Every structure is written in C-alpha cells, then in structure tokens.
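Colleague: To be precise about what I am sending: the file is called protein05.pdb and holds PDB, C-alpha atoms.
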MODEL        1
ATOM      1  CA  MET D   1       0.000   0.000   0.000
ATOM      2  CA  ARG D   2       2.819   2.411   0.902
ATOM      3  CA  VAL D   3       4.546   1.667  -2.414
ATOM      4  CA  LEU D   4       1.295   2.180  -4.344
ATOM      5  CA  PHE D   5       0.683   5.490  -2.586
ATOM      6  CA  SER D   6       4.232   6.556  -3.290
ATOM      7  CA  CYS D   7       3.876   5.698  -6.994
ATOM      8  CA  ARG D   8       0.610   7.577  -7.242
ATOM      9  CA  PHE D   9       2.145  10.565  -5.503
ATOM     10  CA  TRP D  10       5.064  10.702  -7.915
ATOM     11  CA  TRP D  11       2.787  10.282 -10.912
ATOM     12  CA  ALA D  12       0.706  13.207  -9.685
ATOM     13  CA  PHE D  13       3.861  15.244  -9.142
ATOM     14  CA  VAL D  14       5.072  14.468 -12.665
ATOM     15  CA  VAL D  15       1.699  15.448 -14.175
ATOM     16  CA  VAL D  16       1.587  18.722 -12.262
ATOM     17  CA  PHE D  17       5.209  19.463 -13.200
ATOM     18  CA  VAL D  18       4.542  18.790 -16.897
ATOM     19  CA  VAL D  19       1.430  20.982 -16.839
ATOM     20  CA  LEU D  20       3.334  23.828 -15.184
ATOM     21  CA  VAL D  21       6.226  23.579 -17.637
ATOM     22  CA  ALA D  22       3.850  23.427 -20.612
ATOM     23  CA  GLY D  23       1.931  26.406 -19.252
ATOM     24  CA  PHE D  24       5.153  28.385 -18.812
ATOM     25  CA  PHE D  25       6.284  27.705 -22.380
ATOM     26  CA  TRP D  26       2.809  28.531 -23.701
ATOM     27  CA  LEU D  27       2.836  31.769 -21.749
ATOM     28  CA  THR D  28       6.299  32.759 -22.973
ATOM     29  CA  ARG D  29       5.885  31.718 -26.606
ATOM     30  CA  THR D  30       6.146  34.300 -29.384
ATOM     31  CA  PRO D  31       3.212  34.349 -31.817
ATOM     32  CA  PHE D  32       4.138  33.631 -35.416
ATOM     33  CA  VAL D  33       3.349  36.372 -37.927
ATOM     34  CA  ASP D  34       3.474  35.470 -41.615
ATOM     35  CA  VAL D  35       3.872  38.789 -43.430
ATOM     36  CA  ALA D  36       6.044  39.181 -46.514
ATOM     37  CA  GLN D  37       8.431  42.137 -46.609
ATOM     38  CA  PRO D  38       7.131  44.665 -49.195
ATOM     39  CA  SER D  39       9.398  45.526 -52.089
ATOM     40  CA  MET D  40      10.729  49.074 -52.452
ATOM     41  CA  ALA D  41       8.042  49.841 -55.041
ATOM     42  CA  GLU D  42       5.351  48.450 -52.743
ATOM     43  CA  MET D  43       6.734  50.479 -49.835
ATOM     44  CA  GLU D  44       6.376  53.661 -51.865
ATOM     45  CA  THR D  45       2.775  52.833 -52.726
ATOM     46  CA  LEU D  46       1.954  51.948 -49.124
ATOM     47  CA  ALA D  47       3.673  55.065 -47.775
ATOM     48  CA  ALA D  48       1.632  57.273 -50.087
ATOM     49  CA  GLN D  49      -1.498  55.801 -48.475
ATOM     50  CA  GLY D  50      -0.105  55.780 -44.939
ATOM     51  CA  GLU D  51      -0.118  59.443 -43.921
ATOM     52  CA  TYR D  52      -3.898  59.483 -43.478
ATOM     53  CA  LEU D  53      -3.854  56.500 -41.115
ATOM     54  CA  TYR D  54      -0.723  57.761 -39.340
ATOM     55  CA  ASP D  55      -2.524  61.006 -38.530
ATOM     56  CA  ALA D  56      -5.781  59.330 -37.525
ATOM     57  CA  ALA D  57      -3.960  56.928 -35.212
ATOM     58  CA  GLY D  58      -2.229  59.823 -33.463
ATOM     59  CA  CYS D  59       1.223  58.243 -33.577
ATOM     60  CA  ALA D  60       3.050  61.568 -33.348
ATOM     61  CA  SER D  61       1.051  62.876 -30.363
ATOM     62  CA  CYS D  62       2.264  60.006 -28.166
ATOM     63  CA  HIS D  63       5.730  59.363 -29.563
ATOM     64  CA  THR D  64       6.905  62.973 -29.880
ATOM     65  CA  ARG D  65       7.854  65.104 -26.879
ATOM     66  CA  ASP D  66       6.084  68.435 -26.537
ATOM     67  CA  GLU D  67       9.205  70.465 -27.201
ATOM     68  CA  ASP D  68      10.080  72.690 -30.147
ATOM     69  CA  ASP D  69      13.214  70.761 -31.084
ATOM     70  CA  ALA D  70      11.874  67.282 -30.308
ATOM     71  CA  PRO D  71      12.290  64.871 -33.257
ATOM     72  CA  GLU D  72       9.086  63.427 -34.646
ATOM     73  CA  LEU D  73       8.464  59.977 -33.115
ATOM     74  CA  GLY D  74      11.680  60.332 -31.085
ATOM     75  CA  GLY D  75       9.946  59.114 -27.926
ATOM     76  CA  GLY D  76      10.704  60.062 -24.344
ATOM     77  CA  LEU D  77       7.232  61.243 -23.342
ATOM     78  CA  PRO D  78       6.492  60.077 -19.764
ATOM     79  CA  LEU D  79       3.119  58.494 -19.014
ATOM     80  CA  GLU D  80       2.495  58.639 -15.284
ATOM     81  CA  THR D  81       0.192  55.941 -13.924
ATOM     82  CA  SER D  82      -0.589  54.237 -10.623
ATOM     83  CA  PHE D  83       1.789  51.453 -11.742
ATOM     84  CA  GLY D  84       4.718  53.808 -12.291
ATOM     85  CA  VAL D  85       6.032  55.835 -15.213
ATOM     86  CA  PHE D  86       5.986  54.451 -18.754
ATOM     87  CA  TYR D  87       8.333  56.159 -21.213
ATOM     88  CA  VAL D  88       7.166  56.159 -24.816
ATOM     89  CA  PRO D  89       9.875  54.679 -27.083
ATOM     90  CA  ASN D  90      11.622  56.023 -30.145
ATOM     91  CA  ILE D  91       9.895  54.612 -33.245
ATOM     92  CA  THR D  92      11.790  56.539 -35.912
ATOM     93  CA  PRO D  93      13.579  54.578 -38.696
ATOM     94  CA  ASP D  94      16.888  54.816 -36.829
ATOM     95  CA  PRO D  95      18.282  51.241 -36.918
ATOM     96  CA  GLU D  96      19.802  51.447 -33.434
ATOM     97  CA  ALA D  97      17.640  53.738 -31.304
ATOM     98  CA  GLY D  98      14.402  53.294 -33.227
ATOM     99  CA  ILE D  99      12.664  50.617 -35.317
ATOM    100  CA  GLY D 100      14.656  51.026 -38.519
ATOM    101  CA  ALA D 101      15.849  47.422 -38.351
ATOM    102  CA  TRP D 102      12.329  46.027 -37.933
ATOM    103  CA  THR D 103      10.758  43.991 -40.695
ATOM    104  CA  ALA D 104       7.146  44.446 -41.725
ATOM    105  CA  ALA D 105       6.315  41.193 -39.924
ATOM    106  CA  GLN D 106       7.860  42.478 -36.686
ATOM    107  CA  PHE D 107       5.893  45.718 -36.950
ATOM    108  CA  VAL D 108       2.654  43.778 -37.471
ATOM    109  CA  GLN D 109       3.588  41.511 -34.550
ATOM    110  CA  ALA D 110       3.897  44.555 -32.283
ATOM    111  CA  LEU D 111       0.482  45.910 -33.269
ATOM    112  CA  ARG D 112      -1.367  42.603 -33.484
ATOM    113  CA  HIS D 113       0.158  40.712 -30.549
ATOM    114  CA  GLY D 114       1.861  43.337 -28.403
ATOM    115  CA  ARG D 115       5.322  41.729 -28.759
ATOM    116  CA  ASP D 116       8.652  43.249 -29.726
ATOM    117  CA  PRO D 117      11.045  41.532 -32.197
ATOM    118  CA  ASP D 118      12.606  39.534 -29.346
ATOM    119  CA  GLY D 119       9.218  38.287 -28.160
ATOM    120  CA  ARG D 120       9.029  40.508 -25.082
ATOM    121  CA  ALA D 121       5.497  41.583 -24.225
ATOM    122  CA  TYR D 122       4.439  45.211 -24.203
ATOM    123  CA  TYR D 123       2.333  46.633 -21.424
ATOM    124  CA  PRO D 124      -1.092  47.928 -22.483
ATOM    125  CA  SER D 125       0.125  51.512 -22.012
ATOM    126  CA  PHE D 126       0.927  50.940 -25.700
ATOM    127  CA  PRO D 127      -2.571  50.673 -27.275
ATOM    128  CA  TYR D 128      -1.872  47.499 -29.226
ATOM    129  CA  THR D 129      -5.055  46.213 -27.557
ATOM    130  CA  SER D 130      -6.913  48.452 -30.031
ATOM    131  CA  TYR D 131      -4.446  48.368 -32.930
ATOM    132  CA  ALA D 132      -4.725  44.566 -32.939
ATOM    133  CA  SER D 133      -8.117  44.971 -34.628
ATOM    134  CA  MET D 134      -6.579  46.957 -37.482
ATOM    135  CA  ASP D 135      -6.548  45.523 -40.975
ATOM    136  CA  GLU D 136      -3.120  44.140 -41.840
ATOM    137  CA  ARG D 137      -2.898  46.282 -44.962
ATOM    138  CA  ASP D 138      -3.455  49.404 -42.866
ATOM    139  CA  MET D 139      -0.707  48.291 -40.468
ATOM    140  CA  LEU D 140       1.656  48.025 -43.431
ATOM    141  CA  ARG D 141       0.649  51.465 -44.664
ATOM    142  CA  ILE D 142       1.625  53.008 -41.326
ATOM    143  CA  TYR D 143       4.852  50.968 -41.295
ATOM    144  CA  ALA D 144       5.764  52.216 -44.769
ATOM    145  CA  TRP D 145       4.977  55.835 -43.887
ATOM    146  CA  ILE D 146       7.246  55.724 -40.839
ATOM    147  CA  MET D 147      10.068  54.003 -42.691
ATOM    148  CA  GLN D 148       9.850  56.185 -45.805
ATOM    149  CA  ARG D 149       8.757  59.593 -44.555
ATOM    150  CA  VAL D 150      10.009  60.073 -40.958
ATOM    151  CA  GLN D 151      13.556  61.242 -40.272
ATOM    152  CA  PRO D 152      15.681  58.867 -38.133
ATOM    153  CA  ALA D 153      16.526  60.125 -34.642
ATOM    154  CA  ASP D 154      19.229  58.595 -32.478
ATOM    155  CA  THR D 155      17.530  59.443 -29.169
ATOM    156  CA  PRO D 156      17.686  56.260 -27.046
ATOM    157  CA  SER D 157      14.472  54.965 -25.502
ATOM    158  CA  ARG D 158      14.252  55.082 -21.710
ATOM    159  CA  ASP D 159      13.416  52.133 -19.481
ATOM    160  CA  HIS D 160      10.081  52.268 -17.679
ATOM    161  CA  GLU D 161      10.094  53.085 -13.968
ATOM    162  CA  LEU D 162       7.493  50.660 -12.637
ATOM    163  CA  VAL D 163       6.546  49.179  -9.294
ATOM    164  CA  TRP D 164       8.740  46.190  -8.462
ATOM    165  CA  TYR D 165       6.156  43.499  -9.207
ATOM    166  CA  LEU D 166       5.709  44.665 -12.814
ATOM    167  CA  ARG D 167       9.354  44.699 -13.820
ATOM    168  CA  GLY D 168      10.447  42.328 -16.535
ATOM    169  CA  SER D 169       8.439  40.853 -19.394
ATOM    170  CA  LEU D 170       6.682  38.015 -17.571
ATOM    171  CA  PRO D 171       4.036  40.188 -15.816
ATOM    172  CA  ALA D 172       3.118  41.749 -19.173
ATOM    173  CA  ARG D 173       2.861  38.299 -20.768
ATOM    174  CA  ALA D 174       0.665  37.122 -17.914
ATOM    175  CA  TRP D 175      -1.586  40.154 -18.443
ATOM    176  CA  GLN D 176      -1.864  39.342 -22.138
ATOM    177  CA  PHE D 177      -2.655  35.699 -21.385
ATOM    178  CA  LEU D 178      -5.423  36.620 -18.938
ATOM    179  CA  PHE D 179      -6.942  39.750 -20.423
ATOM    180  CA  PHE D 180      -5.842  40.523 -23.986
ATOM    181  CA  ASN D 181      -8.865  40.081 -26.225
ATOM    182  CA  PRO D 182      -8.852  42.208 -29.417
ATOM    183  CA  THR D 183     -12.070  44.108 -30.043
ATOM    184  CA  GLN D 184     -14.343  42.920 -32.818
ATOM    185  CA  THR D 185     -15.049  46.068 -34.791
ATOM    186  CA  ARG D 186     -17.514  44.592 -37.271
ATOM    187  CA  ASP D 187     -21.174  43.845 -36.609
ATOM    188  CA  ASP D 188     -22.997  42.347 -39.600
ATOM    189  CA  SER D 189     -26.331  43.494 -38.171
ATOM    190  CA  GLN D 190     -25.225  47.118 -38.689
ATOM    191  CA  ASP D 191     -24.832  49.081 -41.914
ATOM    192  CA  GLU D 192     -21.512  49.821 -43.586
ATOM    193  CA  ARG D 193     -21.327  53.367 -42.263
ATOM    194  CA  TRP D 194     -21.643  52.106 -38.667
ATOM    195  CA  ASN D 195     -18.990  49.455 -39.309
ATOM    196  CA  ARG D 196     -16.599  51.992 -40.806
ATOM    197  CA  GLY D 197     -17.150  54.230 -37.794
ATOM    198  CA  SER D 198     -16.575  51.301 -35.441
ATOM    199  CA  TYR D 199     -13.328  50.447 -37.212
ATOM    200  CA  LEU D 200     -12.123  54.029 -36.963
ATOM    201  CA  ALA D 201     -13.150  54.438 -33.310
ATOM    202  CA  ASN D 202     -11.936  51.100 -31.996
ATOM    203  CA  ALA D 203      -8.969  50.134 -34.176
ATOM    204  CA  ILE D 204      -7.460  53.343 -35.580
ATOM    205  CA  VAL D 205      -8.364  56.265 -33.310
ATOM    206  CA  HIS D 206      -8.513  53.866 -30.286
ATOM    207  CA  CYS D 207     -11.107  55.915 -28.386
ATOM    208  CA  ARG D 208     -11.632  53.228 -25.747
ATOM    209  CA  GLU D 209      -8.050  53.495 -24.522
ATOM    210  CA  CYS D 210      -8.890  56.831 -22.888
ATOM    211  CA  HIS D 211     -12.684  56.866 -22.608
ATOM    212  CA  THR D 212     -13.456  53.384 -21.234
ATOM    213  CA  PRO D 213     -13.014  52.916 -17.462
ATOM    214  CA  ARG D 214     -10.689  50.151 -16.295
ATOM    215  CA  ASN D 215     -10.447  48.040 -13.188
ATOM    216  CA  SER D 216      -7.447  47.857 -10.858
ATOM    217  CA  LEU D 217      -5.677  45.494 -13.280
ATOM    218  CA  GLY D 218      -6.019  47.849 -16.226
ATOM    219  CA  VAL D 219      -8.774  45.792 -17.890
ATOM    220  CA  PRO D 220     -11.645  47.654 -19.637
ATOM    221  CA  MET D 221     -14.845  47.229 -17.638
ATOM    222  CA  ASP D 222     -17.672  45.226 -19.186
ATOM    223  CA  GLY D 223     -20.688  47.275 -20.234
ATOM    224  CA  MET D 224     -18.810  50.571 -19.853
ATOM    225  CA  HIS D 225     -17.565  51.105 -23.419
ATOM    226  CA  LEU D 226     -16.685  54.811 -23.848
ATOM    227  CA  ALA D 227     -18.459  55.734 -20.585
ATOM    228  CA  GLY D 228     -15.625  57.961 -19.314
ATOM    229  CA  TRP D 229     -12.790  57.341 -16.885
ATOM    230  CA  GLU D 230     -11.547  59.157 -13.813
ATOM    231  CA  GLU D 231      -7.947  58.034 -14.373
ATOM    232  CA  GLY D 232      -7.411  58.888 -18.006
ATOM    233  CA  PRO D 233      -4.160  60.114 -19.562
ATOM    234  CA  GLU D 234      -2.000  62.093 -17.123
ATOM    235  CA  GLY D 235      -4.572  61.373 -14.419
ATOM    236  CA  GLU D 236      -7.197  63.569 -16.063
ATOM    237  CA  THR D 237     -10.861  62.585 -16.242
ATOM    238  CA  THR D 238     -12.098  61.681 -19.714
ATOM    239  CA  PRO D 239     -15.801  62.257 -20.380
ATOM    240  CA  ASN D 240     -18.594  59.850 -21.141
ATOM    241  CA  ILE D 241     -19.029  59.873 -24.944
ATOM    242  CA  THR D 242     -21.890  57.403 -25.192
ATOM    243  CA  PRO D 243     -25.258  58.771 -26.430
ATOM    244  CA  ASP D 244     -26.722  59.024 -22.922
ATOM    245  CA  GLU D 245     -28.857  62.166 -22.677
ATOM    246  CA  GLU D 246     -27.844  63.108 -19.121
ATOM    247  CA  THR D 247     -24.219  62.059 -18.659
ATOM    248  CA  GLY D 248     -22.959  61.542 -22.198
ATOM    249  CA  ILE D 249     -23.223  63.291 -25.544
ATOM    250  CA  GLY D 250     -26.802  62.289 -26.305
ATOM    251  CA  GLY D 251     -27.782  65.952 -26.334
ATOM    252  CA  TRP D 252     -25.250  66.779 -29.053
ATOM    253  CA  SER D 253     -26.552  67.002 -32.600
ATOM    254  CA  GLU D 254     -24.870  65.359 -35.544
ATOM    255  CA  ARG D 255     -23.648  68.787 -36.593
ATOM    256  CA  ASP D 256     -22.238  69.400 -33.084
ATOM    257  CA  LEU D 257     -20.216  66.203 -33.233
ATOM    258  CA  LYS D 258     -18.895  66.831 -36.732
ATOM    259  CA  ARG D 259     -17.815  70.343 -35.751
ATOM    260  CA  PHE D 260     -16.159  68.999 -32.618
ATOM    261  CA  LEU D 261     -14.177  66.369 -34.524
ATOM    262  CA  ARG D 262     -13.033  68.966 -37.038
ATOM    263  CA  PHE D 263     -12.390  72.036 -34.888
ATOM    264  CA  GLY D 264     -12.522  70.828 -31.273
ATOM    265  CA  MET D 265     -15.445  73.151 -30.569
ATOM    266  CA  GLU D 266     -18.074  72.023 -28.083
ATOM    267  CA  PRO D 267     -21.774  72.954 -28.496
ATOM    268  CA  ASP D 268     -21.387  75.848 -26.010
ATOM    269  CA  GLY D 269     -18.516  77.311 -28.031
ATOM    270  CA  ASP D 270     -15.665  76.197 -25.760
ATOM    271  CA  ILE D 271     -12.552  74.873 -27.487
ATOM    272  CA  VAL D 272     -11.206  71.627 -26.110
ATOM    273  CA  GLY D 273      -7.624  71.623 -24.868
ATOM    274  CA  SER D 274      -5.106  69.332 -23.208
ATOM    275  CA  GLY D 275      -4.774  65.778 -24.571
ATOM    276  CA  MET D 276      -8.023  65.882 -26.552
ATOM    277  CA  GLY D 277      -6.794  68.992 -28.315
ATOM    278  CA  GLU D 278      -3.885  66.952 -29.668
ATOM    279  CA  VAL D 279      -6.312  64.256 -30.799
ATOM    280  CA  ILE D 280      -8.360  66.850 -32.674
ATOM    281  CA  ASP D 281      -5.190  68.015 -34.438
ATOM    282  CA  HIS D 282      -5.107  64.568 -36.033
ATOM    283  CA  LEU D 283      -8.835  63.920 -36.448
ATOM    284  CA  LYS D 284      -9.317  67.179 -38.343
ATOM    285  CA  HIS D 285      -7.639  65.461 -41.309
ATOM    286  CA  LEU D 286     -10.419  62.861 -41.598
ATOM    287  CA  THR D 287     -12.406  62.881 -44.811
ATOM    288  CA  ASP D 288     -15.998  64.060 -44.596
ATOM    289  CA  ASP D 289     -17.193  60.484 -45.144
ATOM    290  CA  ASP D 290     -15.036  59.079 -42.349
ATOM    291  CA  ARG D 291     -16.009  61.890 -39.994
ATOM    292  CA  ALA D 292     -19.677  61.176 -40.733
ATOM    293  CA  ALA D 293     -19.098  57.440 -40.132
ATOM    294  CA  LEU D 294     -17.418  58.092 -36.786
ATOM    295  CA  VAL D 295     -20.277  60.381 -35.709
ATOM    296  CA  HIS D 296     -22.842  57.801 -36.836
ATOM    297  CA  TYR D 297     -21.121  55.136 -34.747
ATOM    298  CA  LEU D 298     -20.907  57.296 -31.606
ATOM    299  CA  ARG D 299     -24.596  58.185 -31.884
ATOM    300  CA  ASN D 300     -25.637  54.552 -32.263
ATOM    301  CA  ILE D 301     -23.761  52.635 -29.573
ATOM    302  CA  PRO D 302     -25.404  51.597 -26.271
ATOM    303  CA  ALA D 303     -25.947  54.562 -23.970
ATOM    304  CA  VAL D 304     -24.345  54.252 -20.543
ATOM    305  CA  ARG D 305     -25.533  56.478 -17.709
ATOM    306  CA  ARG D 306     -22.362  57.286 -15.858
ATOM    307  CA  GLU D 307     -20.876  60.476 -14.493
ATOM    308  CA  ALA D 308     -17.193  60.105 -15.298
ATOM    309  CA  ASP D 309     -16.208  61.702 -11.996
ATOM    310  CA  GLY D 310     -18.809  59.843  -9.959
ATOM    311  CA  ASP D 311     -18.648  56.694  -7.877
ATOM    312  CA  ARG D 312     -21.538  54.876  -9.472
ATOM    313  CA  ALA D 313     -22.204  53.713 -12.967
ATOM    314  CA  GLU D 314     -25.341  52.149 -14.317
ATOM    315  CA  GLU D 315     -26.122  50.801 -17.738
ATOM    316  CA  PRO D 316     -29.704  51.501 -18.915
TER     317      PRO D 316
ENDMDL
END
Using structure tokens, write down the structure that the file contains.
Modeller:
Amino acid sequence: MRVLFSCRFWWAFVVVFVVLVAGFFWLTRTPFVDVAQPSMAEMETLAAQGEYLYDAAGCASCHTRDEDDAPELGGGLPLETSFGVFYVPNITPDPEAGIGAWTAAQFVQALRHGRDPDGRAYYPSFPYTSYASMDERDMLRIYAWIMQRVQPADTPSRDHELVWYLRGSLPARAWQFLFFNPTQTRDDSQDERWNRGSYLANAIVHCRECHTPRNSLGVPMDGMHLAGWEEGPEGETTPNITPDEETGIGGWSERDLKRFLRFGMEPDGDIVGSGMGEVIDHLKHLTDDDRAALVHYLRNIPAVRREADGDRAEEP
C-alpha cells in the first residue's frame, strides 16, 4: 500500500510538473506572424497611403515630446500611472535607437500581438489592444509611412520606472494571457457606415483606450464602453461619450459632433484643450465620409448612464 501510494504521488507530481512547464512555455511563446516584406516599389505605394492612417492613429502625439526641437516619433514622453512611469519609445527609422531594423512582420507583430522583435510583451500603455483589430494592410501602410517619410533620430528609448512586481516581461505576458482580447469592430447586423465608424473608433483612433473605465488590473470594464474614466491620460478625467442624454453626448446634434471632430469646438462654443486637443489636431484630417461614419457610430452605440467623476455607474 505504501509503495502504491508513493507511486501515485510521484505520478501526480510528474503530471503537475509537466502541466506547469507546458503552461510556462505557452505563456512565454512568441506568436508567429506570416507577413512578406514589401518591395521598395510596394513600400512607396503603401507610404503614399499611410499618412492618413498615421494622422488618424495619433502616432506623433504620443511618440513625440512636446518640445520645439523634439524629433518626430523620437519618444521620451512620460506616461504617469498608478503602476509607475511608462516612457514612450523612439519609433523613428533609426536602426539602433528606433525601429529602422524592424521587418514588416515584426511591426505587425507589435500591433497585433503586443510583442517586440525579441518576443518581449508590451504593457497595455501601448494601445496594441486596439491596434490589434486593425486591418493588416493598414498596419503596413503606417509601417511604410514611418520608414519612408520620418527622419531617423538617435535618441535612445528610456526604461520604464514601474513598481517592483511589474518589472520584466513576464508580468506583461501574464496580463496578455489573462486579459488581452482584441475588439471585434464589425457587426454584420449594422450598416456599412456604422462598421466603418466602429473600425475608426476602436482600431485606428482607439477611443476606448482613454474613454473606457478600467479596473485595478487595467482591464476595460464590461458594459462601460466609452463611458468615461476618472484616471485617463495624465490622471485627467475623460468624459462619457456614449449617447446618454444626461451624462454623455446624447444631447449633441450630428452637426455638433462633426464640428467637434473637425475644430474641437463644443456645443457651447468652448474649445477643447489638453490631450483631446492633440487628438483633434489629427482627427481634423479625416475625410468628410469618415467623420460622418465616426459620428454615426458614436450616436448609435449603447448609452451608458455614468458620471465620469462619480462613484456609481449604471447601464440603462
């Protein structure tokens, strides 16, 4: 009996050990991305189409320091959070300090899976959680624009200054394993204008990254899409932009929203500033059709009754 128990114990130990090892390797694996490197001629074509998406995605507003002599996409901007300070990296075509040595597949891997060329996981301070829903061709257009049109800068990227339990790549990989679920931007029950607006809002412009409240683990809260957040960028409150009449933008007309997205002017005549002002600087380049699609989407998503600076939130 003692021998039988001992054998069973060791078999159980072996099974648990194998499961743990398999889980560790699954957690630390690097997703495979099968993307062919565009030819020089293809890069030129893609780059010509990439400026529009580059502007809409707001790449420069996050990756360029707010200084007169700061190089475009040179990085260094600090993002202060409750988890510590994240420093935005250099993503210029510099082969040493930036991403100049990256292949198209590695660029797509970063946006689609949140992994760098060495397989290290990015924290969701980088909005790959939204960019992952982007069409691969659009990812390549942005890649080509950066590689072909942005000047290399040799400014080295800074290491993040995070709380001790988030240092290293493993915590970020664990977060991805538990919580990373790319948003589905298409709904076949909606018309094409709604779907285009959803794609712009959720994949390109990544509105939810600032306007959707998150829990203590940085995970967007269910049923609170675009309902405002008390701990938005730089600790500032971002407003509820669902079509709720009392706490959101349900009282704004279609014309109000279009004017806001083009000029940053609210219905009462105030001009938006701070971080949203930078967003408007990029959204003002949208075509009339895309601006109309984005407005249509925002006016036709579920309304959430939630004061962004309040303690309670309820979904009608």
Colleague: Around the point (4.1, 57.6, -38.1) in the file's coordinates, collect all residues with an atom within 9 Å, using only C-alpha atoms, and return them as a ChimeraX atom specification.
Modeller: /D:50-51,53-55,57-60,63,72-73,91-92,142-147,149-150
Colleague: What's the 6 Å shell around segment 276-288 of chain D, counting all atoms listed in the file, without same-chain residues fewer than 2 positions away, as an MDAnalysis selection string?
Modeller: chainID D and resid 55:56 262 264 272:274 290:291
Colleague: Show me, as a VMD selection string, the residues that have an atom within 8 Å of segment 231-243 of chain D when counting only C-alpha atoms, minus same-chain residues fewer than 5 positions from it.
Modeller: chain D and resid 79 to 81 210 to 211 213 225 to 226 248 to 251 275 298 to 304 306 to 309
Colleague: Once the PyMOL selection byres ((chain D and resi 216) around 12) has been evaluated on this model, what residues remain selected, and can you format them as a PyMOL selection string?
Modeller: chain D and resi 81-83+213-215+217-221+231
Colleague: Find the residues near Gly84 of chain D: any atom within 10 Å, counting all atoms listed in the file, skip ones fewer than 5 places away on the same chain, and give them as a list of chain:residue names.
Modeller: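 Listed by chain and then number, they are D:Pro78, D:Leu79, D:His160, D:Glu161, D:Leu162, D:Val163, D:Trp164, D:Leu166.
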Colleague: If you measure from atom CA of Ile204 of chain D to atom CA of Glu136 of chain D, what distance in Å do you get, rounded to one decimal?
Modeller: 11.9 Å
Colleague: What does the distance from atom CA of Gly98 of chain D to atom CA of Leu77 of chain D come to in Å, to one decimal?
Modeller: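 Separation between atom CA of Gly98 of chain D and atom CA of Leu77 of chain D: 14.6 Å.
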Colleague: In Å, with one decimal, what is the gap from atom CA of Arg141 of chain D to atom CA of Val33 of chain D?
Modeller: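 Atom-to-atom, atom CA of Arg141 of chain D to atom CA of Val33 of chain D, that is 16.7 Å.
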Colleague: Taking all atoms of segment 37-42 of chain D that appear in the file, build a box with edges along x, y and z, extend it by 4 Å on every side, and state its centre and edge lengths in Å to one decimal, as JSON.
Modeller:
{"center_x": 8.0, "center_y": 46.0, "center_z": -50.8, "size_x": 13.4, "size_y": 15.7, "size_z": 16.4}
Colleague: Would you write out, as a ChimeraX atom specification, every residue that the PyMOL selection byres ((chain D and resi 106) around 9) captures in this file?
Modeller: /D:33,35,102-105,107-111,115-117
Colleague: Taking into account only C-alpha atoms, which residue in the set D:Glu42, D:Val85, D:Asp270, D:Asp244 is nearest to Asp256 of chain D?
Modeller: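 Residue with the minimum atom-to-atom distance to Asp256 of chain D: D:Asp270.
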Colleague: List every protein, DNA or RNA residue with an atom no more than 12 Å from (19.8, 48.4, -31.5) in the file's coordinates, counting all atoms listed in the file, and format the result as JSON, numbers by chain.
Modeller: {"D": [90, 91, 93, 94, 95, 96, 97, 98, 99, 100, 101, 102, 117, 118, 154, 155, 156, 157]}
Colleague: I'd like to know which of D:Tyr122, D:Asp222, D:Glu192, D:Leu140 is closest to Gln176 of chain D, using all atoms listed in the file.
Modeller: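 Result for the nearest residue to Gln176 of chain D: D:Tyr122.
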Colleague: For a quick check of understanding, using all atoms listed in the file, which of D:Ala227, D:Ala293, D:Val88, D:Met43 has the smallest distance to Asn195 of chain D?
Modeller: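 Answer, going by the shortest atom-to-atom distance: D:Ala293.
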Colleague: Given the choices D:Gln151, D:Thr247, D:Thr129, D:Gln49, which gets closest to Ala70 of chain D if the distance is worked out from only C-alpha atoms?
Modeller: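 Result for the nearest residue to Ala70 of chain D: D:Gln151.
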Colleague: Which residue is closest to Asn181 of chain D? Choose from D:Leu261, D:Ala132, D:Arg208, D:Ala201 and count only C-alpha atoms.
Modeller: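 Smallest distance to Asn181 of chain D is found for D:Ala132.
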Colleague: Go through D:Trp194, D:Phe260, D:Phe180, D:Tyr165 and flag the residue nearest His296 of chain D, using all atoms listed in the file for the distances.
Modeller: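 For His296 of chain D, the nearest of the candidates is D:Trp194.
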Colleague: Please return segment 75-87 of chain D, rebuilt to N, CA and C atoms, as a PDB file, keeping the file's coordinate frame.
Modeller:
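Generated file (part-v8.pdb):
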ATOM      1  N   GLY D  75      10.234  59.715 -29.220  1.00  0.00           N
ATOM      2  CA  GLY D  75       9.946  59.114 -27.926  1.00  0.00           C
ATOM      3  C   GLY D  75      10.352  59.987 -26.754  1.00  0.00           C
ATOM      4  N   GLY D  76      10.288  59.375 -25.557  1.00  0.00           N
ATOM      5  CA  GLY D  76      10.704  60.062 -24.344  1.00  0.00           C
ATOM      6  C   GLY D  76       9.570  60.631 -23.529  1.00  0.00           C
ATOM      7  N   LEU D  77       8.356  60.675 -24.075  1.00  0.00           N
ATOM      8  CA  LEU D  77       7.232  61.243 -23.342  1.00  0.00           C
ATOM      9  C   LEU D  77       6.889  60.350 -22.154  1.00  0.00           C
ATOM     10  N   PRO D  78       6.839  60.896 -20.931  1.00  0.00           N
ATOM     11  CA  PRO D  78       6.492  60.077 -19.764  1.00  0.00           C
ATOM     12  C   PRO D  78       4.980  59.950 -19.587  1.00  0.00           C
ATOM     13  N   LEU D  79       4.527  58.744 -19.316  1.00  0.00           N
ATOM     14  CA  LEU D  79       3.119  58.494 -19.014  1.00  0.00           C
ATOM     15  C   LEU D  79       3.033  58.047 -17.560  1.00  0.00           C
ATOM     16  N   GLU D  80       2.554  58.935 -16.709  1.00  0.00           N
ATOM     17  CA  GLU D  80       2.495  58.639 -15.284  1.00  0.00           C
ATOM     18  C   GLU D  80       1.200  57.904 -14.950  1.00  0.00           C
ATOM     19  N   THR D  81       1.338  56.762 -14.296  1.00  0.00           N
ATOM     20  CA  THR D  81       0.192  55.941 -13.924  1.00  0.00           C
ATOM     21  C   THR D  81       0.361  55.469 -12.488  1.00  0.00           C
ATOM     22  N   SER D  82      -0.668  54.791 -11.977  1.00  0.00           N
ATOM     23  CA  SER D  82      -0.589  54.237 -10.623  1.00  0.00           C
ATOM     24  C   SER D  82       0.390  53.073 -10.550  1.00  0.00           C
ATOM     25  N   PHE D  83       0.831  52.556 -11.703  1.00  0.00           N
ATOM     26  CA  PHE D  83       1.789  51.453 -11.742  1.00  0.00           C
ATOM     27  C   PHE D  83       3.228  51.937 -11.910  1.00  0.00           C
ATOM     28  N   GLY D  84       3.403  53.239 -12.057  1.00  0.00           N
ATOM     29  CA  GLY D  84       4.718  53.808 -12.291  1.00  0.00           C
ATOM     30  C   GLY D  84       4.717  54.669 -13.535  1.00  0.00           C
ATOM     31  N   VAL D  85       5.899  54.968 -14.042  1.00  0.00           N
ATOM     32  CA  VAL D  85       6.032  55.835 -15.213  1.00  0.00           C
ATOM     33  C   VAL D  85       6.449  55.007 -16.423  1.00  0.00           C
ATOM     34  N   PHE D  86       5.642  55.077 -17.476  1.00  0.00           N
ATOM     35  CA  PHE D  86       5.986  54.451 -18.754  1.00  0.00           C
ATOM     36  C   PHE D  86       6.580  55.528 -19.657  1.00  0.00           C
ATOM     37  N   TYR D  87       7.709  55.224 -20.285  1.00  0.00           N
ATOM     38  CA  TYR D  87       8.333  56.159 -21.213  1.00  0.00           C
ATOM     39  C   TYR D  87       8.109  55.673 -22.641  1.00  0.00           C
TER      40      TYR D  87
END
